[in-house]
>>> print(open('entry00.pdb').read())   # PDB, C-alpha atoms
ATOM      1  CA  MET B   3      83.477  32.729  88.786
ATOM      2  CA  THR B   4      80.334  34.056  90.456
ATOM      3  CA  TYR B   5      77.997  31.221  91.390
ATOM      4  CA  GLU B   6      74.255  31.740  91.728
ATOM      5  CA  ALA B   7      72.939  28.489  93.227
ATOM      6  CA  VAL B   8      73.893  25.206  94.888
ATOM      7  CA  VAL B   9      72.021  21.927  94.370
ATOM      8  CA  LEU B  10      72.592  18.925  96.616
ATOM      9  CA  GLY B  11      71.341  15.351  96.492
ATOM     10  CA  ALA B  12      71.362  12.796  99.285
ATOM     11  CA  SER B  13      69.630   9.536 100.116
ATOM     12  CA  ALA B  14      70.442   6.955 102.800
ATOM     13  CA  GLY B  15      72.279   8.667 105.651
ATOM     14  CA  GLY B  16      71.536  12.078 104.223
ATOM     15  CA  MET B  17      69.292  13.616 106.846
ATOM     16  CA  GLN B  18      72.051  13.953 109.429
ATOM     17  CA  LEU B  19      74.473  15.183 106.758
ATOM     18  CA  VAL B  20      72.000  17.797 105.527
ATOM     19  CA  LYS B  21      71.372  18.976 109.092
ATOM     20  CA  ASN B  22      75.108  19.235 109.741
ATOM     21  CA  LEU B  23      75.668  21.214 106.541
ATOM     22  CA  VAL B  24      72.663  23.527 106.750
ATOM     23  CA  THR B  25      73.216  24.448 110.399
ATOM     24  CA  SER B  26      76.826  25.402 109.590
ATOM     25  CA  LEU B  27      75.806  28.104 107.085
ATOM     26  CA  PRO B  28      76.174  31.722 108.284
ATOM     27  CA  ASN B  29      73.127  33.982 108.315
ATOM     28  CA  ASP B  30      74.523  36.010 105.397
ATOM     29  CA  PHE B  31      75.154  32.960 103.168
ATOM     30  CA  GLY B  32      74.439  34.473  99.784
ATOM     31  CA  LEU B  33      73.465  31.471  97.653
ATOM     32  CA  PRO B  34      70.257  29.454  97.497
ATOM     33  CA  LEU B  35      70.837  25.820  98.492
ATOM     34  CA  ILE B  36      68.306  23.472  96.866
ATOM     35  CA  ILE B  37      68.169  19.933  98.255
ATOM     36  CA  VAL B  38      66.655  16.646  97.185
ATOM     37  CA  GLN B  39      66.741  14.221 100.105
ATOM     38  CA  HIS B  40      65.062  10.885  99.410
ATOM     39  CA  VAL B  41      62.305  10.530 102.023
ATOM     40  CA  GLY B  42      59.173   8.452 102.365
ATOM     41  CA  ASP B  43      56.151   9.411 100.246
ATOM     42  CA  ASN B  44      54.085  10.374 103.281
ATOM     43  CA  SER B  45      56.671  12.394 105.191
ATOM     44  CA  ASP B  46      55.290  15.584 106.699
ATOM     45  CA  ASN B  47      57.011  18.958 106.956
ATOM     46  CA  VAL B  48      58.312  18.430 110.490
ATOM     47  CA  TRP B  49      61.897  18.012 109.242
ATOM     48  CA  PRO B  50      62.066  21.345 107.342
ATOM     49  CA  ASN B  51      60.578  23.111 110.360
ATOM     50  CA  LEU B  52      63.093  21.510 112.728
ATOM     51  CA  LEU B  53      65.958  22.436 110.413
ATOM     52  CA  ASN B  54      64.692  25.996 110.188
ATOM     53  CA  GLU B  55      64.542  26.295 113.976
ATOM     54  CA  CYS B  56      68.212  25.341 114.405
ATOM     55  CA  SER B  57      69.647  27.152 111.358
ATOM     56  CA  GLN B  58      70.813  30.719 110.810
ATOM     57  CA  VAL B  59      69.389  30.713 107.262
ATOM     58  CA  LEU B  60      65.761  30.284 106.229
ATOM     59  CA  VAL B  61      64.882  26.612 105.556
ATOM     60  CA  LYS B  62      61.606  25.686 103.821
ATOM     61  CA  GLU B  63      59.956  23.297 101.418
ATOM     62  CA  ALA B  64      59.942  24.537  97.831
ATOM     63  CA  ASP B  65      56.556  25.725  96.558
ATOM     64  CA  GLU B  66      55.121  25.593  93.034
ATOM     65  CA  LYS B  67      56.125  28.670  90.941
ATOM     66  CA  GLU B  68      58.108  30.107  93.878
ATOM     67  CA  PRO B  69      60.969  32.393  92.779
ATOM     68  CA  ILE B  70      64.324  31.180  94.122
ATOM     69  CA  GLN B  71      65.795  33.585  96.688
ATOM     70  CA  ARG B  72      69.386  33.994  97.791
ATOM     71  CA  GLY B  73      70.307  32.840 101.279
ATOM     72  CA  THR B  74      67.475  30.316 101.499
ATOM     73  CA  VAL B  75      67.611  26.520 101.809
ATOM     74  CA  TYR B  76      64.878  24.754  99.834
ATOM     75  CA  LEU B  77      63.874  21.121 100.352
ATOM     76  CA  ALA B  78      62.008  19.117  97.725
ATOM     77  CA  PRO B  79      58.572  18.126  99.070
ATOM     78  CA  PRO B  80      57.968  14.375  99.525
ATOM     79  CA  ASN B  81      56.590  12.552  96.462
ATOM     80  CA  TYR B  82      57.162  15.468  94.050
ATOM     81  CA  HIS B  83      59.924  15.991  91.515
ATOM     82  CA  LEU B  84      61.474  19.437  91.956
ATOM     83  CA  LEU B  85      62.400  21.240  88.720
ATOM     84  CA  ILE B  86      64.004  24.630  88.143
ATOM     85  CA  GLU B  87      62.654  26.775  85.331
ATOM     86  CA  PRO B  88      64.748  29.114  83.126
ATOM     87  CA  ASP B  89      63.382  32.096  85.115
ATOM     88  CA  HIS B  90      64.802  30.543  88.323
ATOM     89  CA  SER B  91      61.476  29.510  89.814
ATOM     90  CA  PHE B  92      60.320  26.045  90.915
ATOM     91  CA  THR B  93      57.970  23.567  89.295
ATOM     92  CA  LEU B  94      56.652  20.536  91.182
ATOM     93  CA  THR B  95      55.506  17.459  89.249
ATOM     94  CA  ILE B  96      54.210  13.977  90.024
ATOM     95  CA  ASP B  97      55.732  12.479  86.865
ATOM     96  CA  GLU B  98      56.983   8.883  86.943
ATOM     97  CA  ARG B  99      59.752   8.029  89.380
ATOM     98  CA  VAL B 100      63.312   8.419  88.116
ATOM     99  CA  ASN B 101      65.934   6.036  89.538
ATOM    100  CA  TYR B 102      63.080   4.603  91.662
ATOM    101  CA  ALA B 103      62.759   7.976  93.389
ATOM    102  CA  ARG B 104      60.393  10.942  93.504
ATOM    103  CA  PRO B 105      61.807  13.464  94.134
ATOM    104  CA  ALA B 106      64.777  12.421  92.011
ATOM    105  CA  ILE B 107      68.146  14.118  92.260
ATOM    106  CA  ASP B 108      68.779  13.808  88.508
ATOM    107  CA  VAL B 109      65.581  15.737  87.731
ATOM    108  CA  LEU B 110      66.625  18.643  89.952
ATOM    109  CA  PHE B 111      70.248  18.625  88.757
ATOM    110  CA  GLU B 112      69.462  18.431  85.026
ATOM    111  CA  THR B 113      66.908  21.271  85.120
ATOM    112  CA  ALA B 114      69.153  23.368  87.386
ATOM    113  CA  ALA B 115      72.075  22.843  84.983
ATOM    114  CA  GLU B 116      70.007  24.213  82.109
ATOM    115  CA  ALA B 117      68.790  27.176  84.196
ATOM    116  CA  TYR B 118      72.098  28.205  85.788
ATOM    117  CA  ARG B 119      74.725  26.658  83.482
ATOM    118  CA  GLU B 120      78.270  27.645  84.602
ATOM    119  CA  LYS B 121      76.914  29.488  87.659
ATOM    120  CA  LEU B 122      75.739  26.281  89.392
ATOM    121  CA  ILE B 123      77.408  24.117  92.037
ATOM    122  CA  GLY B 124      76.238  20.485  92.227
ATOM    123  CA  ILE B 125      76.931  18.142  95.152
ATOM    124  CA  VAL B 126      76.179  14.402  95.397
ATOM    125  CA  CYS B 127      76.348  12.959  98.902
ATOM    126  CA  THR B 128      75.635   9.727 100.755
ATOM    127  CA  GLY B 129      73.119   7.294  99.271
ATOM    128  CA  GLY B 130      72.547   3.660  98.401
ATOM    129  CA  ASN B 131      71.682   4.002  94.698
ATOM    130  CA  PHE B 132      72.974   5.887  91.642
ATOM    131  CA  ASP B 133      70.606   8.886  91.548
ATOM    132  CA  GLY B 134      72.452  12.133  90.856
ATOM    133  CA  ALA B 135      75.273  10.711  88.724
ATOM    134  CA  LYS B 136      73.771  11.711  85.341
ATOM    135  CA  GLY B 137      72.623  15.043  86.723
ATOM    136  CA  LEU B 138      76.083  15.852  88.061
ATOM    137  CA  LEU B 139      77.537  15.011  84.649
ATOM    138  CA  ARG B 140      75.080  17.424  83.028
ATOM    139  CA  ILE B 141      76.147  20.183  85.430
ATOM    140  CA  LYS B 142      79.763  19.535  84.466
ATOM    141  CA  GLU B 143      78.956  19.532  80.741
ATOM    142  CA  LEU B 144      77.380  22.988  81.076
ATOM    143  CA  GLY B 145      80.342  24.424  82.967
ATOM    144  CA  GLY B 146      79.195  24.252  86.592
ATOM    145  CA  MET B 147      81.257  23.141  89.588
ATOM    146  CA  THR B 148      80.817  19.473  90.538
ATOM    147  CA  ILE B 149      81.443  17.886  93.934
ATOM    148  CA  ALA B 150      80.987  14.364  95.280
ATOM    149  CA  GLN B 151      81.251  13.313  98.886
ATOM    150  CA  ASP B 152      84.261  11.104  99.497
ATOM    151  CA  PRO B 153      82.703   7.600  99.529
ATOM    152  CA  GLU B 154      85.019   6.628 102.383
ATOM    153  CA  THR B 155      83.270   9.213 104.563
ATOM    154  CA  ALA B 156      79.701   8.533 103.375
ATOM    155  CA  GLU B 157      77.252   6.487 105.431
ATOM    156  CA  ALA B 158      76.180   4.846 102.140
ATOM    157  CA  SER B 159      78.898   4.956  99.482
ATOM    158  CA  ALA B 160      77.062   3.769  96.331
ATOM    159  CA  MET B 161      75.678   7.136  95.253
ATOM    160  CA  PRO B 162      78.883   9.186  95.525
ATOM    161  CA  LYS B 163      80.817   6.321  93.895
ATOM    162  CA  ALA B 164      78.398   6.337  90.933
ATOM    163  CA  ALA B 165      78.743  10.126  90.670
ATOM    164  CA  ILE B 166      82.534   9.896  90.661
ATOM    165  CA  GLN B 167      82.569   7.166  88.007
ATOM    166  CA  THR B 168      80.042   8.937  85.772
ATOM    167  CA  ALA B 169      80.845  12.633  86.177
ATOM    168  CA  HIS B 170      84.517  12.735  87.265
ATOM    169  CA  PRO B 171      83.698  15.679  89.557
ATOM    170  CA  ASP B 172      85.971  18.635  90.208
ATOM    171  CA  TYR B 173      86.173  17.791  93.913
ATOM    172  CA  VAL B 174      85.831  14.645  96.046
ATOM    173  CA  LEU B 175      85.541  15.823  99.637
ATOM    174  CA  SER B 176      84.454  14.854 103.122
ATOM    175  CA  LEU B 177      81.478  16.713 104.575
ATOM    176  CA  ASP B 178      83.886  19.039 106.391
ATOM    177  CA  GLY B 179      85.653  19.658 103.085
ATOM    178  CA  ILE B 180      82.342  20.450 101.359
ATOM    179  CA  LYS B 181      81.404  22.899 104.122
ATOM    180  CA  LYS B 182      84.834  24.553 103.929
ATOM    181  CA  LEU B 183      84.618  24.952 100.136
ATOM    182  CA  LEU B 184      81.105  26.443 100.255
ATOM    183  CA  LEU B 185      82.171  28.905 102.956
ATOM    184  CA  GLU B 186      85.229  29.882 100.879
ATOM    185  CA  ILE B 187      82.965  30.535  97.870
ATOM    186  CA  HIS B 188      80.611  32.517 100.129
ATOM    187  CA  THR B 189      83.523  34.572 101.491
ATOM    188  CA  ALA B 190      84.886  35.262  97.999
ATOM    189  CA  LYS B 191      81.393  36.261  96.785
ATOM    190  CA  THR B 192      80.866  38.532  99.795
ATOM    191  CA  THR B 193      84.284  40.159  99.338
ATOM    192  CA  SER B 194      83.780  40.768  95.608
ATOM    193  CA  HIS B 195      80.320  42.221  96.302
ATOM    194  CA  GLU B 196      81.803  44.608  98.870
ATOM    195  CA  LEU B 197      84.486  45.667  96.377
ATOM    196  CA  GLU B 198      81.830  46.378  93.751
ATOM    197  CA  ASN B 199      80.094  48.682  96.194
TER     198      ASN B 199
END
>>> encode(input="entry00.pdb", output="structure tokens")
Amino acid sequence: MTYEAVVLGASAGGMQLVKNLVTSLPNDFGLPLIIVQHVGDNSDNVWPNLLNECSQVLVKEADEKEPIQRGTVYLAPPNYHLLIEPDHSFTLTIDERVNYARPAIDVLFETAAEAYREKLIGIVCTGGNFDGAKGLLRIKELGGMTIAQDPETAEASAMPKAAIQTAHPDYVLSLDGIKKLLLEIHTAKTTSHELEN
């Protein structure tokens, strides 16, 4: 299977996890990684800039109508839902909160599932609520790969537990396991691309 995008959701304890994951990606990582991290409504863009400075891949906040590019990490802006359109571009909305959150992981996951279907990888990580569980289930229903962080390794276990109970994901992994799997998919994609050429 050739995957075209990765979506990841995290809440409590997620900022360190996201930093650990993003800074481990090689500069030729061929998939877009689109992240909803629950942050305060008034957060500024210092965090994306700091991540970008210490990463080998480009890290930025997603912009309205921006086409999604390979090898880029996108972060949902504070206080906006991040949606993916069928043409693989972003839409930002200030619709009502979902699961008490804006941005909400479910909103990203459900729209990404419709846009990418079986070519999507969804990952639910540490968090203290249940956001992401329904979205991960939708990704699974449409044929994508589903991953939850092992709750035993999560700083806040409620969110991955809810995802496991709701979506019965393909993989339940530690952060190191998630990184290893993504790098294996990257390596397989790179190798198949080289063979095609």
>>> resolve_selection(input="entry00.pdb", expression="the PyMOL selection byres ((chain B and resi 68) around 6)", output="ChimeraX atom specification")
/B:65-67,69,91-92
>>> closest_atom_pairs(input="entry00.pdb", of="segment 67-153 of chain B", to="segment 9-28 of chain B", cutoff="6 Å", atoms="only C-alpha atoms", output="Markdown table")
| residue | atom | partner | partner_atom | distance |
| --- | --- | --- | --- | --- |
| B:Ile107 | CA | B:Gly11 | CA | 5.4 |
| B:Gly124 | CA | B:Val9 | CA | 4.9 |
| B:Ile125 | CA | B:Leu10 | CA | 4.6 |
| B:Val126 | CA | B:Gly11 | CA | 5.1 |
| B:Cys127 | CA | B:Ala12 | CA | 5.0 |
| B:Thr128 | CA | B:Ala12 | CA | 5.5 |
| B:Gly129 | CA | B:Ser13 | CA | 4.2 |
| B:Gly130 | CA | B:Ala14 | CA | 5.9 |
>>> write_last_selection(input="entry00.pdb", atoms="C-alpha atoms", output="short mmCIF file (atom, residue, chain, number, x, y, z; two decimals), in the frame of the given file")
data_model
loop_
_atom_site.label_atom_id
_atom_site.label_comp_id
_atom_site.auth_asym_id
_atom_site.auth_seq_id
_atom_site.Cartn_x
_atom_site.Cartn_y
_atom_site.Cartn_z
CA ILE B 107 68.15 14.12 92.26
CA GLY B 124 76.24 20.48 92.23
CA ILE B 125 76.93 18.14 95.15
CA VAL B 126 76.18 14.40 95.40
CA CYS B 127 76.35 12.96 98.90
CA THR B 128 75.64 9.73 100.76
CA GLY B 129 73.12 7.29 99.27
CA GLY B 130 72.55 3.66 98.40
#
>>> atom_distance(input="entry00.pdb", atom1="atom CA of Pro105 of chain B", atom2="atom CA of Leu85 of chain B")
9.5 Å
>>> atom_distance(input="entry00.pdb", atom1="atom CA of Leu175 of chain B", atom2="atom CA of Cys56 of chain B")
24.7 Å
>>> residues_around(input="entry00.pdb", residues="segment 164-174 of chain B", least_positions_apart="6", cutoff="10 Å", atoms="all atoms listed in the file", output="tab-separated table (two decimals) with C-alpha atoms, in the coordinates of the input")
chain	number	residue	atom	x	y	z
B	124	GLY	CA	76.24	20.48	92.23
B	125	ILE	CA	76.93	18.14	95.15
B	126	VAL	CA	76.18	14.40	95.40
B	127	CYS	CA	76.35	12.96	98.90
B	129	GLY	CA	73.12	7.29	99.27
B	130	GLY	CA	72.55	3.66	98.40
B	131	ASN	CA	71.68	4.00	94.70
B	132	PHE	CA	72.97	5.89	91.64
B	133	ASP	CA	70.61	8.89	91.55
B	134	GLY	CA	72.45	12.13	90.86
B	135	ALA	CA	75.27	10.71	88.72
B	136	LYS	CA	73.77	11.71	85.34
B	137	GLY	CA	72.62	15.04	86.72
B	138	LEU	CA	76.08	15.85	88.06
B	139	LEU	CA	77.54	15.01	84.65
B	140	ARG	CA	75.08	17.42	83.03
B	141	ILE	CA	76.15	20.18	85.43
B	142	LYS	CA	79.76	19.54	84.47
B	143	GLU	CA	78.96	19.53	80.74
B	146	GLY	CA	79.19	24.25	86.59
B	147	MET	CA	81.26	23.14	89.59
B	148	THR	CA	80.82	19.47	90.54
B	149	ILE	CA	81.44	17.89	93.93
B	150	ALA	CA	80.99	14.36	95.28
B	151	GLN	CA	81.25	13.31	98.89
B	152	ASP	CA	84.26	11.10	99.50
B	153	PRO	CA	82.70	7.60	99.53
B	180	ILE	CA	82.34	20.45	101.36
B	183	LEU	CA	84.62	24.95	100.14
>>> closest_residue(input="entry00.pdb", among="B:Met161, B:Val8, B:Leu184, B:Ile70", to="Arg119 of chain B", atoms="only C-alpha atoms")
B:Val8
>>> resolve_selection(input="entry00.pdb", expression="the PyMOL selection byres ((chain B and resi 74) around 10)", output="list in words")
Asn29, Asp30, Phe31, Gly32, Leu33, Pro34, Leu35, Ile36, Gln58, Val59, Leu60, Val61, Lys62, Ile70, Gln71, Arg72, Gly73, Val75, Tyr76 and Leu77 of chain B
>>> atom_distance(input="entry00.pdb", atom1="atom CA of Pro79 of chain B", atom2="atom CA of Glu55 of chain B")
18.0 Å
>>> residues_near_point(input="entry00.pdb", point="(63.1, 12.7, 84.6)", cutoff="9 Å", atoms="all atoms listed in the file", output="list in words")
His83, Asp97, Glu98, Arg99, Val100, Asn101, Ala106, Asp108, Val109, Leu110 and Glu112 of chain B
>>> decode(input="entry00.pdb", residues="segment 4-36 of chain B", atoms="N, CA and C atoms", output="mmCIF file, in the first residue's frame")
data_model
loop_
_atom_site.group_PDB
_atom_site.id
_atom_site.type_symbol
_atom_site.label_atom_id
_atom_site.label_comp_id
_atom_site.auth_asym_id
_atom_site.auth_seq_id
_atom_site.Cartn_x
_atom_site.Cartn_y
_atom_site.Cartn_z
ATOM 1 N N THR B 4 0.562 2.189 -0.867
ATOM 2 C CA THR B 4 1.242 3.476 -0.897
ATOM 3 C C THR B 4 0.414 4.490 -0.131
ATOM 4 N N TYR B 5 0.964 4.997 0.952
ATOM 5 C CA TYR B 5 0.258 5.993 1.761
ATOM 6 C C TYR B 5 0.617 7.395 1.283
ATOM 7 N N GLU B 6 -0.352 8.324 1.463
ATOM 8 C CA GLU B 6 -0.152 9.681 0.972
ATOM 9 C C GLU B 6 -0.137 10.735 2.064
ATOM 10 N N ALA B 7 -0.555 10.381 3.289
ATOM 11 C CA ALA B 7 -0.571 11.375 4.364
ATOM 12 C C ALA B 7 -0.665 10.677 5.715
ATOM 13 N N VAL B 8 -0.205 11.388 6.740
ATOM 14 C CA VAL B 8 -0.302 10.932 8.129
ATOM 15 C C VAL B 8 -0.993 12.030 8.924
ATOM 16 N N VAL B 9 -2.003 11.656 9.722
ATOM 17 C CA VAL B 9 -2.623 12.603 10.648
ATOM 18 C C VAL B 9 -2.392 12.104 12.066
ATOM 19 N N LEU B 10 -2.136 13.047 12.971
ATOM 20 C CA LEU B 10 -1.820 12.689 14.354
ATOM 21 C C LEU B 10 -2.552 13.633 15.293
ATOM 22 N N GLY B 11 -3.114 13.078 16.362
ATOM 23 C CA GLY B 11 -3.773 13.873 17.377
ATOM 24 C C GLY B 11 -3.178 13.638 18.743
ATOM 25 N N ALA B 12 -2.979 14.730 19.486
ATOM 26 C CA ALA B 12 -2.438 14.637 20.836
ATOM 27 C C ALA B 12 -3.020 15.753 21.683
ATOM 28 N N SER B 13 -3.049 15.527 22.978
ATOM 29 C CA SER B 13 -3.545 16.546 23.910
ATOM 30 C C SER B 13 -2.554 16.641 25.071
ATOM 31 N N ALA B 14 -3.008 16.390 26.284
ATOM 32 C CA ALA B 14 -2.121 16.518 27.445
ATOM 33 C C ALA B 14 -0.875 15.643 27.275
ATOM 34 N N GLY B 15 0.280 16.257 27.447
ATOM 35 C CA GLY B 15 1.545 15.532 27.297
ATOM 36 C C GLY B 15 2.025 15.436 25.865
ATOM 37 N N GLY B 16 1.284 16.036 24.948
ATOM 38 C CA GLY B 16 1.585 15.836 23.538
ATOM 39 C C GLY B 16 2.718 16.669 22.985
ATOM 40 N N MET B 17 2.982 17.823 23.576
ATOM 41 C CA MET B 17 3.969 18.710 22.954
ATOM 42 C C MET B 17 5.354 18.076 22.938
ATOM 43 N N GLN B 18 5.732 17.428 24.025
ATOM 44 C CA GLN B 18 7.040 16.770 24.051
ATOM 45 C C GLN B 18 7.062 15.584 23.101
ATOM 46 N N LEU B 19 5.944 14.841 23.052
ATOM 47 C CA LEU B 19 5.847 13.699 22.138
ATOM 48 C C LEU B 19 5.967 14.165 20.694
ATOM 49 N N VAL B 20 5.239 15.214 20.334
ATOM 50 C CA VAL B 20 5.289 15.723 18.967
ATOM 51 C C VAL B 20 6.709 16.168 18.623
ATOM 52 N N LYS B 21 7.354 16.873 19.544
ATOM 53 C CA LYS B 21 8.735 17.306 19.292
ATOM 54 C C LYS B 21 9.647 16.109 19.065
ATOM 55 N N ASN B 22 9.515 15.101 19.901
ATOM 56 C CA ASN B 22 10.336 13.893 19.784
ATOM 57 C C ASN B 22 10.125 13.232 18.427
ATOM 58 N N LEU B 23 8.862 13.122 18.013
ATOM 59 C CA LEU B 23 8.544 12.462 16.748
ATOM 60 C C LEU B 23 9.028 13.286 15.551
ATOM 61 N N VAL B 24 8.679 14.561 15.538
ATOM 62 C CA VAL B 24 8.976 15.397 14.377
ATOM 63 C C VAL B 24 10.476 15.543 14.163
ATOM 64 N N THR B 25 11.231 15.688 15.257
ATOM 65 C CA THR B 25 12.677 15.870 15.115
ATOM 66 C C THR B 25 13.388 14.572 14.745
ATOM 67 N N SER B 26 12.671 13.451 14.764
ATOM 68 C CA SER B 26 13.277 12.172 14.363
ATOM 69 C C SER B 26 13.097 11.886 12.872
ATOM 70 N N LEU B 27 12.291 12.705 12.182
ATOM 71 C CA LEU B 27 12.009 12.448 10.767
ATOM 72 C C LEU B 27 13.195 12.870 9.901
ATOM 73 N N PRO B 28 13.584 12.044 8.927
ATOM 74 C CA PRO B 28 14.695 12.408 8.038
ATOM 75 C C PRO B 28 14.272 13.498 7.061
ATOM 76 N N ASN B 29 15.259 14.203 6.503
ATOM 77 C CA ASN B 29 14.939 15.334 5.635
ATOM 78 C C ASN B 29 14.259 14.922 4.337
ATOM 79 N N ASP B 30 14.308 13.637 3.988
ATOM 80 C CA ASP B 30 13.621 13.178 2.775
ATOM 81 C C ASP B 30 12.333 12.418 3.105
ATOM 82 N N PHE B 31 11.789 12.625 4.324
ATOM 83 C CA PHE B 31 10.532 11.970 4.689
ATOM 84 C C PHE B 31 9.457 12.391 3.695
ATOM 85 N N GLY B 32 8.865 11.415 3.020
ATOM 86 C CA GLY B 32 8.065 11.716 1.842
ATOM 87 C C GLY B 32 6.587 11.934 2.057
ATOM 88 N N LEU B 33 6.113 11.914 3.302
ATOM 89 C CA LEU B 33 4.683 12.077 3.557
ATOM 90 C C LEU B 33 4.415 13.383 4.298
ATOM 91 N N PRO B 34 3.286 14.028 4.041
ATOM 92 C CA PRO B 34 2.888 15.127 4.921
ATOM 93 C C PRO B 34 2.418 14.565 6.260
ATOM 94 N N LEU B 35 2.790 15.219 7.344
ATOM 95 C CA LEU B 35 2.335 14.861 8.684
ATOM 96 C C LEU B 35 1.518 16.043 9.200
ATOM 97 N N ILE B 36 0.229 15.788 9.458
ATOM 98 C CA ILE B 36 -0.711 16.855 9.824
ATOM 99 C C ILE B 36 -1.155 16.617 11.258
#
